[in-house]
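To start, the structure under review is shown below, and the notes come after it.
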Amino acid sequence: MSSPVIRGLAVAALAAAIPALPLAAQELRIGLASEPSSADPHFHNLGPNNQLRRNIFESLVGTDEAQQLTPLLAESWEPASDTSWQFNLRTDVTFSDGSPFDAYDVIYTVCRIPGVPDSPSLFTTYTGGITGMEAPDPHTLIVHSAEPYPLMPTEFSTFGIISARANGVDVSTLEFSAEGCGEDLPVPATQAFNDGSAAIGTGPFLLESFRRGEGIELVRNPDYWGEAAPWERVTMLPLTSEGPRVAALIAGDVDFIENPPLQDLERLRADDDLRVVQGISNRVIYIHLDHAQVPSPMITGTDGANPLQDIRVREALTIAINRDAIVERIMGGVAVAAGELLPPGMFGAHEDGDLPPRGFDAERAQALLAEAGYPDGFGITIGTPNDRYINDAQVAQAVAQMWSRIGVATEIDASTASTFFSRRNAFEFSAYLAGWGAGTGEMSSPLRALLATRNSDLGLGGTNRGQYSNPEMDAVLLEALRTVDDDAREALLRQASRMAMDDYAIIPLHYEVTPWAMRAAVDYTPRADQYTLPYLISSGE
Amino acid sequence: MLVFLLRRLAQSVFVMIAMMIVVFFGVYMIGNPVDILISPDATPAEIDETMARFGFDQPVYVQFFRFIGNALQGDLGRSFVHGEPAVQLILSYMPATLELALLGLIFSVLIGVPLGVYAGYKADRWQGRAIMTGSIFGFSLPNFWVGMLLILIFAVELQWLPSTGRGETVEVLGLRLSIFTADGLQHMLLPALTLALYKASLVTRLARAGTQEALVQDYVKFARAKGLSETRILVVHVLKNIMIPIITVLGLELGSMIAFAVVTETVFAWPGMGKLLIDSILTLDRPVIVSYLMLTVIIFIIINFTVDVIYTLLDPRVRVKGSAA
Amino acid sequence: MSTPETTLASPPAVPGGDTWRRINMAAGLAVAASLAILLTLEGAVLLPARVVLLVGLVALAAGLLRGRARKFFSGPSAYVATASLLLLAFLAIFATEISPQNPYDLRQLDIMDGRQPPGSTNFDGSMTYHLGTDEQGRDILSGILYGLRVSLSVSIFATLAAMAIGVVVGIYAAWAGGRTDAILMRIVDFQLSFPSILVALMLMAAFGRGLDKIVIALIIVQWAYYARTVRGTALSETAKEYIDAARGLGLPARRIVFGHLLPNCIPPLIVISTVQVANTIVLESSLSFLGVGVPITQPSLGLLIANGYGYMLSGQYWMSMYPGVALLAIVASINMVGDRLRDTLNPRLTR
């Protein structure tokens, strides 16, 4: 064979001759499971983007591993009145270009958020409730809302702050208005963040390069106000294919990977050179049932009736599922059976054991079906994505097995997320499997989105595609959303959650557990928000 | 020749327009990108507002005419996902793909043609049969499987080659390329081999078939009678005569290697166009998909045109009739 | 494949009387029809259709080999390949009767039996999983038998249909030339530039999920490939003197095309089509890998491989290895038989 091949082989032989290099000191290479779509912190409200943003652009309020709020750019906060919050900002923070950080930067950021051009998902979700902002002094910020807004500090943990001065703003003229802060306010373009020129933040890392498909490079911020990041340089490579991502870790091409597939954890754990950590996430996997449509589109054998409107049928379908078996066999033990929509330990969830997962009882399920008038069951199809959640289609298939065994002949309609969500939102399914990650880390998030009666004006029930409606639960939930006192609010949220679960409104299956795998020389504390944050990856030295 | 070229170009414009229309409506039919892209936390009002911002609240024909209007002014839109002009986005992924496809093509010819000619020469001997049987492995296993296997063997077990990524790159004529650095070339070997495997076995089989047929032709008998060496007969006479089907097929395969190396690029995390395409399809990033496939049309047309020209060079009697094709 | 020295030697007509031609045609139709029936019923048990399929296939093969059997069976490898192809076809056609388990019936599966290594038994010991199970508790052996059936029928049907369309378009384009050629080839260009996953997604969005949609998607994706290849060969053939001579003799176009052009375009096509049957199976598995393949509760060979692929690193090799071996076996026997056939039938090797 001719020369290029021979040359190729020579290169290969050469590579073999060089022993695997030890982990370059101070440098960390991470294999990402999904790639951020932009380096602009306000362009796309999406997990991978928010994860990247936290390294470069800090928010006022931080969150810890369990998603409890912690001080970050704001040292403290407290309600200033029924409808306003006061944030006391740090005084020792500067942006990476040297400009000082103060309240005007926060106002400027909130001004920019609604106007990011071409954004597929704006951060107005978190800032839309702000009716006014003022800075009595540069390091005190008062934020007003129309209604009591207990979640305001949580909202301020979701977006990163950019510098007003670095973008050429005269802060003395900056004035917040909910309708817009003025046409001529200079704002950076998304492109300027991607090429690095506008990537000026207060975070522990600086953006060195952002190359789509190839990787993101971060370097340590030498002037960081807090504890310096443990890594001089961090390279994040998008390795979206599972097997190759694991292979890259084993082969030593990366030091740390996100979401190793569950089936490989055993092998990774057995390897002395590697370490696996895992922690429960804020994401519940559930099956939502069609409560409203008669006849329901994917139900057969009921003469047009919708059996899911009968609580006995819903209970039967719930207890026909052996959650422990799914956790054990499909999820490889790396998941936790769910009794409600948020795992124990998070705000508004029941204490461990107070609202346990429903037990498995196939006989009682069959009896309930007979009682409801379906002794021979009926036919149903579960819609599920097949590329969105951990083992999603496999879990749906396991549920189909279990339902089939109590007489409910179950089919699976698995499609890619690209078609699944559009079809779900068009109410095409009688039952569908999906997941919900509580971005705010507390119970109002899933209740408001998945179970509250659909109401555009109040922003309720946005993802309630089973069209469940329970006015009594709605009332308790709305009460909770207005209650600023934490203890009272938590009690109300628990009450609302229990009401929904007692009504078998939705079928919680399990909480995802997020694994990370890395070389034994590094360590990471698992996070409920599933983020991989390099400044928290310790070098173990 | 010039008329031939111009006519081909004019026809190509029609193909591109057809592509634009079919893809636009096809992607519209698959689903609504906002359903996938927007944060689940978004309120219904925000969803409506986002739909309006992208113009998705309009009837599809209004969206289409707006798109056509912009396209006529040379604007194929911005990526929904990345917020950048779609064409610019695609072009930024292109060098990585082109160099990989080129290496894949080289591999498939260098492996396929010699093996095939030899197998044809020894058609009824064990060597020929062994090559034919071996070539079956090349096309009967899925790409993702082969790729993973290569990673397992060469990166994980032997640790000879890097498992994924692009490696070191250098700027050549304004393009960032890996092929000119030792590190980059190492990164390219496994994905290029994965890409080439199927093509190489196809070429092997075509070359064998052609050689076998050519060897019984009179001109080979004449050449032998004249006392020419077997090597010279194979290399000069046979090779030239078996190239038409091989070039046809390689032309097709080169196009698909450039445009649709989806699986290989995904498995090896190679930052090429194929990966962009699959990501865009899965997020229904319509401007990118439409622009991408229009570009693909151009690529295929260029390749097919080149192949037609090569036909006439290899065999002057092939008249591409009316010079219109 | 043009050779300056092939002058007026037109290829010998395919021997065989009218009776055989009719039987062949009938067998071909029967095979196509029963494949179509099996595909639309998606794995339903329809014994008559399957018996017709087997008989039709054998008749077709016999027809092809009539008078040339000795040349075909000229070595031991031909016997081995033919026997294994027949065996695999038999297994695929009668998978329902042979399989220890119906892998498509969710009630027969239990995730508690999932990911069992080869040779283990289920919890009450009533069944042994000779090749292990997948994560749903699906017996891999049964899965392979059923999957073989799905993969084979899908790929054979899709390949035949795509080839038929491609040959017609390709030859017509080369023969007609000029504007017709240009239009047809631009349609081919259009089709070639269209990714298979997008075709599959669009079909699914329009008509829902199912085996028949996958078949249609595979036909749409592949016909242009044949058209392009056939046109290339046909162009070089039409340029030859014997065609000119035939035209000069005033033979009707129909006779030139079917009697001379078509037979000469067939040999390279057989090479491609046997490769392509395999490629179709592989393409289908790639679609499954990308999440747009056959329904997950009715795995094909390709889907089994794609599913088991995730377990390659974890040591549970049997989930993708055995289906992979089955795929290799079927592809190898199809191709070895195809190679023999090509050598046997090729008019240009008979001198």
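By order in the structure tokens, chains are A, B, ...; within a chain, residues start at 1; ligands start at 1, following the order shown.
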Original post:
Near Met202 in chain C, within 6 Å and counting only C-alpha atoms, which residues show up once chain neighbours fewer than 3 positions away are dropped, as a ChimeraX atom specification?
Top reply: /B:26,30 /C:198-199,205
Show me, as a compact mmCIF listing (two decimals) with C-alpha atoms, in the first residue's frame, the residues that have an atom within 7 Å of Val294 in chain A when counting only C-alpha atoms, minus same-chain residues fewer than 2 positions from it.
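So selection27.txt came out as:
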```txt
# COMPACT_ATOMS: atom_id res chain seq x y z
CA ALA A 292 -59.93 15.77 29.86
CA SER A 296 -59.05 10.03 24.60
CA GLY A 304 -65.32 6.03 23.55
CA ALA A 305 -65.21 6.53 27.31
CA ASN A 306 -62.06 7.92 28.94
```
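With only C-alpha atoms taken into account, chain A has Ala15, Ala16, Ser37, Asn45, Asp118, Pro120, Ser121, Thr125, Gly213, Glu214, Leu239, Ser241, Ala248, Ala251, Ser418, Thr419, Phe421, Ser422, Ser456, Gly459 and Gly462 of chain A at most 6 Å from chain B.
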Pull all heavy atoms from the residues just selected and write them as a short mmCIF file (atom, residue, chain, number, x, y, z; two decimals), in the first residue's frame.
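Listing of result08.cif after writing:
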```
data_model
loop_
_atom_site.label_atom_id
_atom_site.label_comp_id
_atom_site.auth_asym_id
_atom_site.auth_seq_id
_atom_site.Cartn_x
_atom_site.Cartn_y
_atom_site.Cartn_z
N ALA A 15 2.83 7.15 18.20
CA ALA A 15 1.95 7.43 19.34
C ALA A 15 2.06 6.33 20.37
O ALA A 15 2.01 6.57 21.56
CB ALA A 15 0.51 7.56 18.86
N ALA A 16 2.23 5.11 19.88
CA ALA A 16 2.31 3.99 20.81
C ALA A 16 3.59 4.07 21.63
O ALA A 16 3.63 3.64 22.77
CB ALA A 16 2.26 2.68 20.03
N SER A 37 -25.47 26.28 23.58
CA SER A 37 -25.71 26.83 22.25
C SER A 37 -25.06 28.19 22.09
O SER A 37 -24.94 28.68 20.98
CB SER A 37 -27.20 26.91 21.97
OG SER A 37 -27.84 27.72 22.93
N ASN A 45 -32.19 30.11 27.79
CA ASN A 45 -32.38 29.55 29.13
C ASN A 45 -32.40 28.03 29.03
O ASN A 45 -33.44 27.41 28.90
CB ASN A 45 -33.70 30.09 29.72
CG ASN A 45 -33.95 29.55 31.12
OD1 ASN A 45 -33.07 28.98 31.75
ND2 ASN A 45 -35.16 29.74 31.60
N ASP A 118 -33.21 37.23 18.69
CA ASP A 118 -33.20 35.84 18.20
C ASP A 118 -33.11 34.79 19.32
O ASP A 118 -32.76 33.65 19.07
CB ASP A 118 -32.03 35.59 17.23
CG ASP A 118 -32.06 36.53 16.05
OD1 ASP A 118 -33.13 36.59 15.41
OD2 ASP A 118 -31.05 37.21 15.79
N PRO A 120 -34.09 31.90 21.62
CA PRO A 120 -35.13 30.88 21.60
C PRO A 120 -35.81 30.70 22.95
O PRO A 120 -36.86 30.08 23.03
CB PRO A 120 -34.37 29.61 21.21
CG PRO A 120 -32.94 29.88 21.46
CD PRO A 120 -32.73 31.34 21.61
N SER A 121 -35.21 31.19 24.01
CA SER A 121 -35.84 31.07 25.32
C SER A 121 -35.24 32.14 26.24
O SER A 121 -34.13 32.01 26.72
CB SER A 121 -35.59 29.67 25.90
OG SER A 121 -36.25 29.54 27.14
N THR A 125 -38.75 34.80 32.10
CA THR A 125 -39.46 33.95 33.05
C THR A 125 -39.14 34.37 34.48
O THR A 125 -39.99 34.31 35.36
CB THR A 125 -39.00 32.49 32.86
OG1 THR A 125 -38.94 32.21 31.47
CG2 THR A 125 -39.93 31.53 33.56
N GLY A 213 -18.88 22.70 18.68
CA GLY A 213 -18.54 21.35 18.26
C GLY A 213 -17.15 20.92 18.71
O GLY A 213 -16.88 19.74 18.82
N GLU A 214 -16.28 21.88 18.94
CA GLU A 214 -14.90 21.53 19.26
C GLU A 214 -14.57 21.65 20.73
O GLU A 214 -13.81 20.86 21.26
CB GLU A 214 -13.93 22.42 18.48
CG GLU A 214 -13.78 22.01 17.05
CD GLU A 214 -12.79 22.88 16.35
OE1 GLU A 214 -11.64 22.97 16.79
OE2 GLU A 214 -13.18 23.51 15.35
N LEU A 239 -18.79 15.78 24.10
CA LEU A 239 -18.77 14.36 23.70
C LEU A 239 -20.18 13.83 23.92
O LEU A 239 -20.48 13.20 24.93
CB LEU A 239 -17.75 13.58 24.54
CG LEU A 239 -16.33 14.14 24.56
CD1 LEU A 239 -15.43 13.30 25.46
CD2 LEU A 239 -15.75 14.19 23.17
N SER A 241 -22.00 11.60 22.49
CA SER A 241 -22.29 10.18 22.36
C SER A 241 -21.80 9.46 23.62
O SER A 241 -20.65 9.61 24.01
CB SER A 241 -21.56 9.66 21.12
OG SER A 241 -22.28 8.65 20.52
N ALA A 248 -13.42 7.88 26.27
CA ALA A 248 -12.45 8.97 26.35
C ALA A 248 -11.90 9.09 27.77
O ALA A 248 -10.72 9.37 27.97
CB ALA A 248 -13.09 10.28 25.92
N ALA A 251 -9.63 6.02 28.37
CA ALA A 251 -8.41 6.14 27.58
C ALA A 251 -7.53 7.28 28.07
O ALA A 251 -6.40 7.43 27.62
CB ALA A 251 -8.75 6.35 26.11
N SER A 418 -37.64 15.87 19.14
CA SER A 418 -38.06 16.87 18.16
C SER A 418 -39.52 16.70 17.76
O SER A 418 -40.20 17.68 17.50
CB SER A 418 -37.17 16.79 16.92
OG SER A 418 -37.01 15.46 16.50
N THR A 419 -40.00 15.46 17.69
CA THR A 419 -41.42 15.30 17.39
C THR A 419 -42.25 15.10 18.66
O THR A 419 -43.39 15.52 18.72
CB THR A 419 -41.67 14.09 16.46
OG1 THR A 419 -40.81 13.04 16.86
CG2 THR A 419 -41.40 14.45 15.03
N PHE A 421 -42.29 16.40 21.74
CA PHE A 421 -42.85 17.51 22.51
C PHE A 421 -43.94 18.25 21.74
O PHE A 421 -44.92 18.70 22.33
CB PHE A 421 -41.74 18.44 22.99
CG PHE A 421 -40.93 17.82 24.10
CD1 PHE A 421 -39.65 17.37 23.88
CD2 PHE A 421 -41.49 17.63 25.36
CE1 PHE A 421 -38.90 16.77 24.89
CE2 PHE A 421 -40.77 17.02 26.38
CZ PHE A 421 -39.47 16.59 26.14
N SER A 422 -43.77 18.37 20.43
CA SER A 422 -44.81 19.02 19.64
C SER A 422 -46.10 18.20 19.70
O SER A 422 -47.20 18.74 19.81
CB SER A 422 -44.37 19.20 18.20
OG SER A 422 -43.36 20.18 18.12
N SER A 456 -53.47 30.72 31.20
CA SER A 456 -52.42 31.54 30.61
C SER A 456 -52.17 32.81 31.39
O SER A 456 -51.04 33.23 31.58
CB SER A 456 -52.79 31.92 29.17
OG SER A 456 -52.59 30.84 28.33
N GLY A 459 -50.20 32.19 34.31
CA GLY A 459 -48.97 31.44 34.02
C GLY A 459 -48.97 30.09 34.70
O GLY A 459 -47.94 29.61 35.15
N GLY A 462 -48.57 25.33 32.51
CA GLY A 462 -47.93 25.41 31.19
C GLY A 462 -47.59 24.05 30.60
O GLY A 462 -47.66 23.85 29.40
#
```
Subject >> Atom-to-atom span, CA of Leu35 in chain C and CA of Leu303 in chain C, Å >> reply: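 Here the two named atoms are 20.0 Å from each other.
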Give me the residues of chain A that have any atom at most 9 Å from an atom of chain C; for each, the nearest atom pair and the distance in Å, rounded to one decimal. Use only C-alpha atoms, sort by chain and number, and format it as a Markdown table.
```
| residue | atom | partner | partner_atom | distance |
| --- | --- | --- | --- | --- |
| A:Glu242 | CA | C:Gly310 | CA | 7.6 |
| A:Gly243 | CA | C:Gly310 | CA | 6.4 |
| A:Val246 | CA | C:Leu313 | CA | 8.3 |
| A:Ala247 | CA | C:Leu313 | CA | 7.9 |
| A:Pro261 | CA | C:Gly310 | CA | 8.0 |
| A:Gln263 | CA | C:Ser314 | CA | 6.2 |
| A:Asp264 | CA | C:Ser314 | CA | 4.9 |
| A:Leu265 | CA | C:Ser314 | CA | 8.0 |
| A:Glu266 | CA | C:Ser314 | CA | 7.4 |
| A:Arg267 | CA | C:Ser314 | CA | 5.9 |
| A:Leu268 | CA | C:Ser314 | CA | 8.7 |
| A:Ala325 | CA | C:Met112 | CA | 6.9 |
| A:Ile326 | CA | C:Ile111 | CA | 7.6 |
| A:Glu328 | CA | C:Met112 | CA | 8.7 |
| A:Arg329 | CA | C:Ile111 | CA | 6.3 |
| A:Ile330 | CA | C:Glu135 | CA | 6.6 |
| A:Asn386 | CA | C:Gly291 | CA | 6.4 |
| A:Asp387 | CA | C:Gly291 | CA | 7.2 |
| A:Ala393 | CA | C:Ile296 | CA | 8.0 |
| A:Gln394 | CA | C:Gln136 | CA | 7.4 |
| A:Gln397 | CA | C:Thr297 | CA | 7.5 |
| A:Ala398 | CA | C:Ile111 | CA | 6.6 |
| A:Ala400 | CA | C:Leu106 | CA | 7.1 |
| A:Gln401 | CA | C:Leu106 | CA | 5.1 |
| A:Met402 | CA | C:Arg107 | CA | 7.9 |
| A:Trp403 | CA | C:Arg107 | CA | 8.9 |
| A:Ser404 | CA | C:Arg107 | CA | 5.8 |
| A:Arg405 | CA | C:Arg107 | CA | 5.8 |
| A:Ala409 | CA | C:Arg107 | CA | 8.7 |
| A:Thr410 | CA | C:Leu106 | CA | 8.3 |
| A:Glu411 | CA | C:Thr297 | CA | 8.0 |
| A:Ile412 | CA | C:Thr297 | CA | 7.1 |
| A:Asp413 | CA | C:Pro295 | CA | 7.4 |
| A:Ala414 | CA | C:Ile296 | CA | 7.2 |
| A:Ser415 | CA | C:Gly291 | CA | 6.6 |
| A:Thr416 | CA | C:Gly291 | CA | 6.0 |
| A:Thr419 | CA | C:Ala205 | CA | 7.3 |
```
**OP:** Tell me, in Å to one decimal, how far CA of Arg423 in chain A is from CA of Gly339 in chain A.
**Re:**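 Distance between the two atoms: 27.2 Å.
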**OP:** Extract, using only C-alpha atoms, all DNA, RNA and protein residues at most 7 Å from Phe87 in chain A, discarding same-chain residues fewer than 6 positions from it, and format them as a list of chain:residue names.
**Re:** A:Ala74, A:Ser76, A:Trp77, A:Glu78, A:Thr140, A:Leu141, A:Ile142
Keeping only N, CA, C and O atoms, take the residues you just selected and write them out as a PDB file, in the first residue's frame.
```
ATOM      1  N   ALA A  74     -24.619  39.089  46.074  1.00  0.00           N
ATOM      2  CA  ALA A  74     -25.329  39.744  47.177  1.00  0.00           C
ATOM      3  C   ALA A  74     -24.927  39.053  48.473  1.00  0.00           C
ATOM      4  O   ALA A  74     -24.922  37.828  48.549  1.00  0.00           O
ATOM      5  N   SER A  76     -26.456  39.548  51.370  1.00  0.00           N
ATOM      6  CA  SER A  76     -27.669  39.190  52.107  1.00  0.00           C
ATOM      7  C   SER A  76     -28.862  39.817  51.406  1.00  0.00           C
ATOM      8  O   SER A  76     -28.711  40.666  50.531  1.00  0.00           O
ATOM      9  N   TRP A  77     -30.053  39.392  51.785  1.00  0.00           N
ATOM     10  CA  TRP A  77     -31.282  39.954  51.228  1.00  0.00           C
ATOM     11  C   TRP A  77     -32.396  39.787  52.232  1.00  0.00           C
ATOM     12  O   TRP A  77     -32.360  38.860  53.053  1.00  0.00           O
ATOM     13  N   GLU A  78     -33.340  40.678  52.203  1.00  0.00           N
ATOM     14  CA  GLU A  78     -34.501  40.532  53.082  1.00  0.00           C
ATOM     15  C   GLU A  78     -35.662  41.289  52.466  1.00  0.00           C
ATOM     16  O   GLU A  78     -35.461  42.186  51.648  1.00  0.00           O
ATOM     17  N   THR A 140     -26.691  48.783  47.337  1.00  0.00           N
ATOM     18  CA  THR A 140     -27.987  48.361  47.860  1.00  0.00           C
ATOM     19  C   THR A 140     -28.974  48.390  46.707  1.00  0.00           C
ATOM     20  O   THR A 140     -29.018  49.357  45.948  1.00  0.00           O
ATOM     21  N   LEU A 141     -29.711  47.304  46.566  1.00  0.00           N
ATOM     22  CA  LEU A 141     -30.656  47.223  45.456  1.00  0.00           C
ATOM     23  C   LEU A 141     -32.040  46.883  46.002  1.00  0.00           C
ATOM     24  O   LEU A 141     -32.188  45.940  46.780  1.00  0.00           O
ATOM     25  N   ILE A 142     -33.031  47.695  45.625  1.00  0.00           N
ATOM     26  CA  ILE A 142     -34.412  47.409  46.020  1.00  0.00           C
ATOM     27  C   ILE A 142     -35.166  46.963  44.773  1.00  0.00           C
ATOM     28  O   ILE A 142     -35.120  47.644  43.745  1.00  0.00           O
TER      29      ILE A 142
END
```
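Of the listed residues (B:Lys240, B:Arg232, B:Arg66, B:His187), B:Lys240 comes nearest to chain C; the distances count only C-alpha atoms.
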Original post:
Which polymer residues have any atom within 10 Å of an atom of range 282-286 of chain C, counting only C-alpha atoms, with same-chain residues fewer than 2 positions away left out, as number ranges by chain?
Top reply: B: 139-145, 262-263; C: 151, 154-155, 196-197, 214-215, 217-218, 221, 276-280, 288-294, 299-307, 327
Please save C-alpha atoms of the selected residues as an mmCIF file, in the first residue's frame.
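Below is the file that was written, again_11.cif:
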```cif
data_model
loop_
_atom_site.group_PDB
_atom_site.id
_atom_site.type_symbol
_atom_site.label_atom_id
_atom_site.label_comp_id
_atom_site.auth_asym_id
_atom_site.auth_seq_id
_atom_site.Cartn_x
_atom_site.Cartn_y
_atom_site.Cartn_z
ATOM 1 C CA PHE B 139 -20.181 -3.149 4.876
ATOM 2 C CA SER B 140 -22.185 -5.459 7.062
ATOM 3 C CA LEU B 141 -21.583 -3.795 10.393
ATOM 4 C CA PRO B 142 -23.182 -0.501 11.361
ATOM 5 C CA ASN B 143 -20.888 2.506 11.443
ATOM 6 C CA PHE B 144 -21.536 3.325 15.081
ATOM 7 C CA TRP B 145 -20.627 -0.212 16.039
ATOM 8 C CA VAL B 262 -23.643 11.944 10.774
ATOM 9 C CA VAL B 263 -23.015 8.773 12.708
ATOM 10 C CA SER C 151 -34.620 -6.975 8.754
ATOM 11 C CA VAL C 154 -37.584 -4.847 5.052
ATOM 12 C CA SER C 155 -34.251 -4.820 3.282
ATOM 13 C CA SER C 196 -32.244 9.582 5.311
ATOM 14 C CA ILE C 197 -33.024 10.644 8.858
ATOM 15 C CA ILE C 214 -39.372 2.625 7.308
ATOM 16 C CA VAL C 215 -39.584 0.618 4.087
ATOM 17 C CA ALA C 217 -38.139 5.791 3.724
ATOM 18 C CA LEU C 218 -35.485 3.275 2.692
ATOM 19 C CA VAL C 221 -33.387 7.138 0.163
ATOM 20 C CA GLN C 276 -27.026 -2.995 -0.811
ATOM 21 C CA VAL C 277 -29.314 -5.526 0.896
ATOM 22 C CA ALA C 278 -26.746 -5.592 3.654
ATOM 23 C CA ASN C 279 -26.399 -1.853 3.554
ATOM 24 C CA THR C 280 -30.147 -1.457 3.877
ATOM 25 C CA SER C 288 -32.755 3.026 14.950
ATOM 26 C CA PHE C 289 -29.536 4.301 16.495
ATOM 27 C CA LEU C 290 -30.738 7.841 15.826
ATOM 28 C CA GLY C 291 -34.141 7.041 17.299
ATOM 29 C CA VAL C 292 -36.242 7.001 14.134
ATOM 30 C CA GLY C 293 -36.177 3.316 13.202
ATOM 31 C CA VAL C 294 -38.629 0.478 13.673
ATOM 32 C CA PRO C 299 -36.877 -4.826 17.323
ATOM 33 C CA SER C 300 -35.184 -5.642 14.046
ATOM 34 C CA LEU C 301 -31.672 -7.044 13.942
ATOM 35 C CA GLY C 302 -30.406 -3.513 13.535
ATOM 36 C CA LEU C 303 -32.374 -2.206 16.500
ATOM 37 C CA LEU C 304 -31.104 -5.047 18.680
ATOM 38 C CA ILE C 305 -27.571 -4.073 17.759
ATOM 39 C CA ALA C 306 -28.256 -0.393 18.324
ATOM 40 C CA ASN C 307 -29.805 -1.154 21.730
ATOM 41 C CA LEU C 327 -26.211 -9.866 10.809
#
```
**OP:** Pick out the chain C residues within 8 Å of chain B. Count only C-alpha atoms. Give them as a VMD selection string.
**Re:** chain C and resid 1 to 3 5 to 6 177 to 179 181 to 182 185 to 187 189 to 190 192 to 195 198 201 to 202 205 to 206 225 228 to 229 232 to 233 235 to 236 239 to 240 268 271 to 272 275 278 to 279 282 to 283 285 to 286 306 309 324 327 to 328 331 to 332 335 to 336 348 to 349 351
**OP:** Please report, as a list in words, each residue of range 82-194 of chain A to which DSSP assigns strand (DSSP E) when run on this structure's backbone.
**Re:**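 Here is the list: Ser84, Trp85, Gln86, Phe87, Asn88, Leu89, Ile130, Thr131, Gly132, Met133, Glu134, Ala135, Pro136, Asp137, Thr140, Leu141, Ile142, Val143, His144 and Ser145 of chain A.
Across C:Ile140, C:Ala224, C:Ala329, C:Met163, the tightest approach to Val80 in chain C is made by C:Ala329 when counting only C-alpha atoms.
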Subject >> 12 Å contact set for Arg176 in chain B, only C-alpha atoms, chain neighbours under 2 positions out, as a count of residues only >> reply: 26
Original post:
If you count only C-alpha atoms, which residues fall within 12 Å of Ala61 in chain C, apart from same-chain ones fewer than 2 positions away, as a list in words?
Top reply: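 With the cut-off at 12 Å, the set is Trp20, Ile23, Asn24, Met25, Ala27, Gly28, Val31, Leu54, Val55, Gly56, Leu57, Val58, Ala59, Gly63, Leu64, Leu65, Arg66, Gly67, Arg68, Ala69, Phe72, Thr82, Leu85, Leu86, Val337, Gly338 and Leu341 of chain C.
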**OP:** Output as a PyMOL selection string all residues of range 56-190 of chain B that backbone DSSP marks as alpha helix (DSSP H).
**Re:** chain B and resi 60-72+86-121+126-140+143-150+182-190
**OP:** Mind giving me the straight-line distance from CA of Gly128 in chain B to CA of Lys226 in chain B in Å, one decimal?
**Re:** 26.3 Å
